[in-house]
Structure formats: structure tokens, C-alpha cells
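A.B. asks: Below: one structure in C-alpha cells.
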Amino acid sequence: MPDSSKHPMRHLEAEPDPIFAALSLLRHAQGAHSEGLRNLDQALLASRHPATKAMIAWDLYRLPDLEADEAMAASALLEAEKAVLNTPPTTLAGSIAALIFLQDYLKAEPDIPLAAQGVAHVTAALSTIA
């Protein structure tokens, strides 16, 4: 009977993969950015159709804060994307998740060097099981 402790994939499945934590943070950052964009859009739309002067003043007062919130959320989203690209997967499932992310990332982002680094991480992880 073969010794399963010596199987090349054993170490890849033994511990939680850090890529899943990075992907979870990315989903949270995407949600926060979407919310920031929605809030900003709603304020801009409301300022075009206000019912009173007080509502116009309130929307104009809030606009800089909403713009700043959206900018911070966009920055956090960028950092979360970089974290995913800089996190090497340690499991086969994590490698697959990273590849799925990279496919979507390459479709949406022009920053190819970071994507190439992410692919290198996945390649390194998969090469240890070959």
C-alpha cells in the first residue's frame, strides 16, 4: 500500500490556502467600491431633481465626502487586487481559484505585468505536484 504522506499533493491540501483569504478581501473591497459608486450616483441624481433648496444644499454638502469615500474604496479595491496577484496559492483548489481570478482580471485590466506575476505563482504551485 503506498504511503500517502509522501504523495506530492499531500502538502498542497493540508492547510488553508491564503489565496482564499485574499479573494475574500477582494470581494469585500468590490462590494465597498460598488456601494461608494452607488451612493455617489444617487447623490448626483438627487441634486438634479431636488424638491427644496435645503435638499440641494445637503446634496452639495455631502458630495465631497461621497467622492472621497468612493476614491478610498477604489484605492482599497486596487490594493486588494494586488494582494490577490501577490499571493501564491498553496493548494490545487487555490491554484484553480487564482487562475479563474486571473482570467477575469486579464479581461478587465490593462496591468499585464501584475497578472503575469500572478500566473507565475500559480505555475510554481502546480509544478510542485507534477
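Naming scheme: A, B, ... for chains in displayed order of the C-alpha cells; residues 1 onward per chain; ligands 1 onward as shown.
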Would you mind listing what lies within 9 Å of Glu81 of chain A as a PyMOL selection string, with only C-alpha atoms counted and same-chain residues fewer than 3 positions away left out?
C.D. replies: chain A and resi 22-23+25-26+29+76-78+84-86+105
A.B. asks: Give the answer as one residue: which of A:Thr52, A:Thr128, A:Ser75, A:Ser24 has the shortest atom-to-atom distance to Gly36 of chain A, using only C-alpha atoms?
C.D. replies: A:Ser75
A.B. asks: When you count only C-alpha atoms, which of these residues is closest to Leu114 of chain A: A:Thr87, A:Gln30, A:Asn39, A:Ser95?
C.D. replies: A:Thr87
A.B. asks: Could you check how far atom CA of Leu45 of chain A sits from atom CA of Ala108 of chain A, in Å to one decimal?
C.D. replies: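 Taking atom CA of Leu45 of chain A as the start and atom CA of Ala108 of chain A as the end point, the length is 27.1 Å.
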A.B. asks: Go through A:Ser34, A:Gln103, A:Gln42, A:Gln117 one by one, measure the shortest atom-to-atom distance of each to Met72 of chain A using only C-alpha atoms, and give the residue with the smallest value.
C.D. replies: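 Ranking A:Ser34, A:Gln103, A:Gln42, A:Gln117 by distance to Met72 of chain A, first place goes to A:Ser34.
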A.B. asks: How far is it from atom CA of Ala83 of chain A to atom CA of Leu126 of chain A, in Å with one decimal?
C.D. replies: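 If I compute the distance from atom CA of Ala83 of chain A to atom CA of Leu126 of chain A, I get 19.6 Å.
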